[in-house]
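Enquirer: Sharing model.csv below, CSV, C-alpha atoms:
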```
chain,number,residue,atom,x,y,z
I,1,MET,CA,0.0,0.0,0.0
I,2,ALA,CA,1.5,3.3,-1.1
I,3,THR,CA,1.6,6.1,1.5
I,4,ASN,CA,2.5,9.7,1.1
I,5,VAL,CA,6.0,10.8,2.0
I,6,GLN,CA,7.5,14.2,2.3
I,7,LEU,CA,11.1,14.4,1.3
I,8,CYS,CA,13.6,17.2,1.8
I,9,PHE,CA,16.5,17.1,-0.7
I,10,MET,CA,19.7,18.5,0.8
I,11,PHE,CA,22.7,19.1,-1.5
I,12,SER,CA,26.1,18.0,-0.3
I,13,THR,CA,27.9,20.8,-2.1
I,14,ASN,CA,25.5,23.5,-0.8
I,15,PRO,CA,24.2,22.7,2.7
I,16,ASN,CA,22.0,25.9,2.8
I,17,LEU,CA,20.0,24.7,-0.3
I,18,LYS,CA,17.0,22.5,0.5
I,19,MET,CA,14.3,21.3,-1.8
I,20,PRO,CA,11.0,19.9,-0.5
I,21,TYR,CA,9.1,17.3,-2.5
I,22,GLU,CA,6.0,15.3,-1.8
I,23,THR,CA,5.5,11.9,-3.4
I,24,THR,CA,4.4,8.3,-2.5
I,25,THR,CA,6.4,5.3,-1.5
I,26,ASN,CA,5.7,3.8,-4.9
I,27,ALA,CA,8.1,6.4,-6.5
I,28,THR,CA,11.3,4.9,-7.8
I,29,ALA,CA,14.8,6.3,-7.3
I,30,ALA,CA,14.7,7.3,-11.0
I,31,ASP,CA,11.5,9.3,-10.4
I,32,LEU,CA,13.3,11.2,-7.7
I,33,LYS,CA,16.3,11.9,-9.9
I,34,GLU,CA,14.1,13.0,-12.8
I,35,TYR,CA,12.3,15.4,-10.5
I,36,LEU,CA,15.6,16.8,-9.3
I,37,LEU,CA,16.9,17.3,-12.8
I,38,ALA,CA,13.7,19.0,-13.9
I,39,ASN,CA,13.9,21.4,-10.9
I,40,TRP,CA,17.7,21.6,-10.7
I,41,PRO,CA,18.8,24.8,-8.9
I,42,LYS,CA,20.3,27.4,-11.1
I,43,GLU,CA,23.2,28.2,-8.7
I,44,MET,CA,24.5,24.6,-9.0
I,45,GLU,CA,26.6,23.0,-11.7
I,46,SER,CA,24.4,20.9,-14.1
I,47,ALA,CA,24.2,17.2,-13.7
I,48,ASP,CA,22.8,14.2,-15.4
I,49,LEU,CA,20.8,11.1,-14.2
I,50,ASP,CA,23.9,8.8,-14.1
I,51,ARG,CA,26.0,11.2,-12.0
I,52,LEU,CA,23.3,11.8,-9.3
I,53,ARG,CA,23.6,9.9,-6.0
I,54,LEU,CA,20.8,9.9,-3.5
I,55,ILE,CA,21.4,8.9,0.1
I,56,CYS,CA,18.4,8.5,2.5
I,57,MET,CA,18.9,7.7,6.2
I,58,GLY,CA,22.4,6.3,5.4
I,59,GLN,CA,21.3,4.1,2.5
I,60,MET,CA,22.3,4.8,-1.0
I,61,LEU,CA,19.4,4.7,-3.4
I,62,SER,CA,21.5,3.3,-6.2
I,63,ASP,CA,19.1,1.0,-8.1
I,64,ASN,CA,16.9,3.3,-10.1
I,65,SER,CA,14.2,0.7,-10.6
I,66,ARG,CA,13.5,0.1,-6.9
I,67,THR,CA,10.8,2.0,-5.1
I,68,LEU,CA,11.0,3.9,-1.8
I,69,GLN,CA,8.9,1.2,-0.3
I,70,GLU,CA,11.5,-1.5,-1.4
I,71,TYR,CA,14.2,0.6,0.1
I,72,LYS,CA,12.2,0.8,3.3
I,73,VAL,CA,12.4,4.5,3.5
I,74,ARG,CA,11.0,5.7,6.8
I,75,VAL,CA,8.1,8.1,6.6
I,76,LEU,CA,8.5,10.7,9.4
I,77,ASP,CA,5.4,12.3,10.8
I,78,SER,CA,6.8,15.5,12.2
I,79,ASN,CA,9.5,16.4,9.6
I,80,PRO,CA,10.2,15.6,6.0
I,81,THR,CA,12.5,12.6,5.4
I,82,PRO,CA,16.0,13.9,4.6
I,83,VAL,CA,17.6,12.8,1.3
I,84,THR,CA,21.2,13.9,0.6
I,85,VAL,CA,22.0,14.7,-3.1
I,86,SER,CA,25.5,14.3,-4.3
I,87,VAL,CA,26.9,14.6,-7.8
I,88,ARG,CA,29.7,12.4,-9.0
I,89,PRO,CA,32.4,14.4,-10.8
I,90,SER,CA,32.0,14.3,-14.6
I,91,GLY,CA,35.2,12.3,-15.3
I,92,MET,CA,34.7,9.7,-12.7
I,93,LYS,CA,33.1,6.3,-13.3
I,94,ALA,CA,30.9,4.5,-10.8
I,95,SER,CA,33.1,2.1,-8.7
I,96,PRO,CA,32.3,-1.6,-9.2
I,97,VAL,CA,30.8,-3.4,-6.2
I,98,LYS,CA,33.3,-5.9,-4.8
I,99,LYS,CA,32.1,-9.0,-3.0
I,100,VAL,CA,33.8,-9.6,0.4
I,101,PRO,CA,33.0,-12.8,2.4
I,102,GLY,CA,31.2,-12.1,5.7
I,103,ASN,CA,27.7,-11.6,7.1
I,104,LYS,CA,24.7,-11.6,4.8
I,105,THR,CA,22.0,-9.1,5.3
I,106,ALA,CA,18.3,-9.8,5.1
I,107,ALA,CA,18.5,-8.6,1.4
I,108,GLY,CA,21.3,-11.1,0.7
I,109,ALA,CA,24.1,-8.4,0.5
I,110,THR,CA,27.4,-9.1,2.2
I,111,THR,CA,28.5,-6.7,5.0
I,112,GLY,CA,32.1,-7.7,5.0
I,113,ALA,CA,32.0,-8.2,8.8
I,114,PRO,CA,33.0,-11.4,10.5
I,115,ALA,CA,30.3,-14.0,10.0
I,116,ASN,CA,30.1,-15.0,13.7
I,117,ARG,CA,31.5,-14.3,17.2
I,118,ARG,CA,34.3,-16.9,16.8
I,119,GLN,CA,35.7,-15.2,13.7
I,120,GLU,CA,35.4,-11.9,15.4
I,121,ALA,CA,37.3,-13.2,18.4
I,122,ALA,CA,40.0,-14.6,16.1
I,123,VAL,CA,40.4,-11.2,14.4
I,124,LEU,CA,40.6,-9.5,17.8
I,125,ARG,CA,43.1,-12.1,19.0
I,126,ASP,CA,45.2,-11.4,15.9
I,127,LEU,CA,45.1,-7.8,16.7
I,128,MET,CA,46.0,-8.6,20.3
I,129,ILE,CA,42.8,-6.9,21.5
I,130,ALA,CA,41.0,-8.8,24.2
I,131,PRO,CA,37.5,-9.9,23.1
I,132,ARG,CA,34.8,-8.4,25.3
I,133,ASP,CA,31.1,-8.3,25.4
I,134,ASP,CA,30.8,-4.8,24.0
I,135,VAL,CA,32.7,-5.4,20.7
I,136,SER,CA,30.4,-2.9,19.2
I,137,LYS,CA,33.0,-0.2,20.2
I,138,THR,CA,35.4,-1.6,17.5
I,139,PRO,CA,33.2,-2.9,14.7
I,140,THR,CA,34.9,-0.7,12.0
I,141,LEU,CA,38.4,-1.8,13.0
I,142,VAL,CA,37.3,-5.5,13.2
I,143,ARG,CA,35.6,-5.3,9.8
I,144,TYR,CA,38.6,-3.6,8.2
I,145,VAL,CA,41.1,-6.1,9.6
I,146,TYR,CA,38.9,-9.0,8.7
I,147,ILE,CA,38.6,-7.8,5.1
I,148,GLN,CA,42.4,-7.3,4.8
I,149,LYS,CA,43.1,-10.8,6.1
I,150,ARG,CA,40.6,-12.3,3.7
I,151,ARG,CA,42.2,-10.4,0.8
I,152,GLN,CA,45.7,-11.7,1.9
I,153,LYS,CA,44.5,-15.2,1.9
I,154,ALA,CA,42.9,-14.8,-1.5
I,155,VAL,CA,46.2,-13.7,-3.1
```
In structure tokens, what does this structure look like?

Expert:
Amino acid sequence: MATNVQLCFMFSTNPNLKMPYETTTNATAADLKEYLLANWPKEMESADLDRLRLICMGQMLSDNSRTLQEYKVRVLDSNPTPVTVSVRPSGMKASPVKKVPGNKTAAGATTGAPANRRQEAAVLRDLMIAPRDDVSKTPTLVRYVYIQKRRQKAV
């Protein structure tokens, strides 16, 4: 069931510029990008559909065919849902997605983090960091070291 959602586009290169937009959760990422291009601010450098990047609540809306509902964009009651707009430089190509072994998310994507507590403890032991119950304080470090070790083994 489609619900109405109010979005607020915020531009990464111009934080004072905000553009409100009301749509439904059935709108696709391509619909949002097309709206942005049709109403592109005059004070900003022009862009095209392939160079636009949309980030909503920390999630990149990279697949143009997926709807906001499929992305599970939260509808906020009190404020518009913030969407950050970024423009990839014109000479830069999109970076390919690299698969790294690790945890699988509900959608089937790999996070690159250790798959279980035993692997996490092994990574911490290799780093000579004592494993503890609140490992959440070092997840980025653990993920980085785990990925580096997997890449060394692959070579």

Enquirer: What is the distance, in Å and to one decimal place, between CA of Asp31 in chain I and CA of Leu49 in chain I?

Expert: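 Separating CA of Asp31 in chain I from CA of Leu49 in chain I is a distance of 10.2 Å.
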
Enquirer: Taking only C-alpha atoms into account, which of I:Leu17, I:Val87, I:Val73, I:Ala2 comes nearest Glu43 in chain I?

Expert: I:Leu17

Enquirer: Which residue, I:Ser86, I:Thr3, I:Thr67, I:Thr81, has the smallest gap to Tyr21 in chain I when you use only C-alpha atoms?

Expert: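 Ranking I:Ser86, I:Thr3, I:Thr67, I:Thr81 by distance to Tyr21 in chain I, first place goes to I:Thr81.
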
Enquirer: Take CA of Thr13 in chain I and CA of Asn64 in chain I and report the distance between them in Å, one decimal.

Expert: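 Spanning CA of Thr13 in chain I to CA of Asn64 in chain I is a straight-line distance of 22.2 Å.
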
Enquirer: Can you list, as a PyMOL selection string, every protein, DNA or RNA residue that comes within 9 Å of Leu37 in chain I when you count only C-alpha atoms, leaving out same-chain residues fewer than 6 positions away?

Expert: chain I and resi 46-49

Enquirer: For C-alpha atoms, I'd like the residues from the last selection saved as an mmCIF file, keeping the file's coordinate frame.

Expert:
```cif
data_model
loop_
_atom_site.group_PDB
_atom_site.id
_atom_site.type_symbol
_atom_site.label_atom_id
_atom_site.label_comp_id
_atom_site.auth_asym_id
_atom_site.auth_seq_id
_atom_site.Cartn_x
_atom_site.Cartn_y
_atom_site.Cartn_z
ATOM 1 C CA SER I 46 24.400 20.900 -14.100
ATOM 2 C CA ALA I 47 24.200 17.200 -13.700
ATOM 3 C CA ASP I 48 22.800 14.200 -15.400
ATOM 4 C CA LEU I 49 20.800 11.100 -14.200
#
```

Enquirer: Between CA of Ile55 in chain I and CA of Lys42 in chain I, what distance in Å does the model show, to one decimal?

Expert: 21.7 Å

Enquirer: Show me the residues around (5.2, 9.6, 1.7) - criterion: an atom at most 8 Å away, only C-alpha atoms counted - as a list in words.

Expert: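 Residues satisfying the cut-off, written out: Ala2, Thr3, Asn4, Val5, Gln6, Leu7, Glu22, Thr23, Thr24, Thr25 and Val75 of chain I.
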
Enquirer: Compare I:Ser90, I:Leu36, I:Leu76, I:Leu61 by their minimum atom-to-atom distance to Met10 in chain I, counting all atoms listed in the file, and give me the closest one.

Expert: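 When distances to Met10 in chain I are compared using all atoms listed in the file, the smallest one comes from I:Leu36.
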
Enquirer: Of the candidates I:Ala30, I:Val83, I:Met1, I:Cys8, which one gets nearest to Met60 in chain I if we count all atoms listed in the file?

Expert: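 The closest residue to Met60 in chain I is I:Val83.
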
Enquirer: Of the candidates I:Met19, I:Ala38, I:Met44, I:Ser12, which one gets nearest to Val85 in chain I if we count all atoms listed in the file?

Expert: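 With all atoms listed in the file as the atom set, the closest residue is I:Ser12.
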
Enquirer: Given all atoms listed in the file as the basis, pick out the residue of I:Asn79, I:Met57, I:Ala27, I:Phe11 nearest to Trp40 in chain I.

Expert: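 Residue with the minimum atom-to-atom distance to Trp40 in chain I: I:Phe11.
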
Enquirer: Quick one: range 53-96 of chain I with C-alpha atoms, as a compact mmCIF listing (two decimals), in the first residue's frame?

Expert:
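The resulting result.txt:
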```txt
# COMPACT_ATOMS: atom_id res chain seq x y z
CA ARG I 53 23.59 9.93 -6.04
CA LEU I 54 20.79 9.92 -3.47
CA ILE I 55 21.39 8.93 0.15
CA CYS I 56 18.41 8.52 2.47
CA MET I 57 18.92 7.71 6.15
CA GLY I 58 22.40 6.35 5.44
CA GLN I 59 21.27 4.13 2.55
CA MET I 60 22.35 4.78 -1.05
CA LEU I 61 19.39 4.72 -3.45
CA SER I 62 21.53 3.32 -6.25
CA ASP I 63 19.10 1.01 -8.05
CA ASN I 64 16.92 3.34 -10.13
CA SER I 65 14.17 0.72 -10.58
CA ARG I 66 13.54 0.11 -6.86
CA THR I 67 10.78 2.01 -5.08
CA LEU I 68 11.05 3.91 -1.82
CA GLN I 69 8.93 1.16 -0.27
CA GLU I 70 11.46 -1.48 -1.39
CA TYR I 71 14.24 0.64 0.09
CA LYS I 72 12.18 0.77 3.31
CA VAL I 73 12.44 4.55 3.50
CA ARG I 74 10.97 5.68 6.80
CA VAL I 75 8.07 8.10 6.63
CA LEU I 76 8.48 10.69 9.37
CA ASP I 77 5.36 12.31 10.82
CA SER I 78 6.81 15.52 12.19
CA ASN I 79 9.47 16.37 9.59
CA PRO I 80 10.23 15.60 5.95
CA THR I 81 12.49 12.60 5.37
CA PRO I 82 15.99 13.92 4.56
CA VAL I 83 17.62 12.84 1.30
CA THR I 84 21.18 13.93 0.58
CA VAL I 85 21.95 14.70 -3.07
CA SER I 86 25.50 14.26 -4.28
CA VAL I 87 26.86 14.65 -7.81
CA ARG I 88 29.67 12.37 -8.98
CA PRO I 89 32.41 14.37 -10.79
CA SER I 90 32.03 14.28 -14.57
CA GLY I 91 35.23 12.33 -15.34
CA MET I 92 34.67 9.70 -12.66
CA LYS I 93 33.07 6.32 -13.31
CA ALA I 94 30.95 4.45 -10.80
CA SER I 95 33.07 2.10 -8.73
CA PRO I 96 32.25 -1.59 -9.17
```
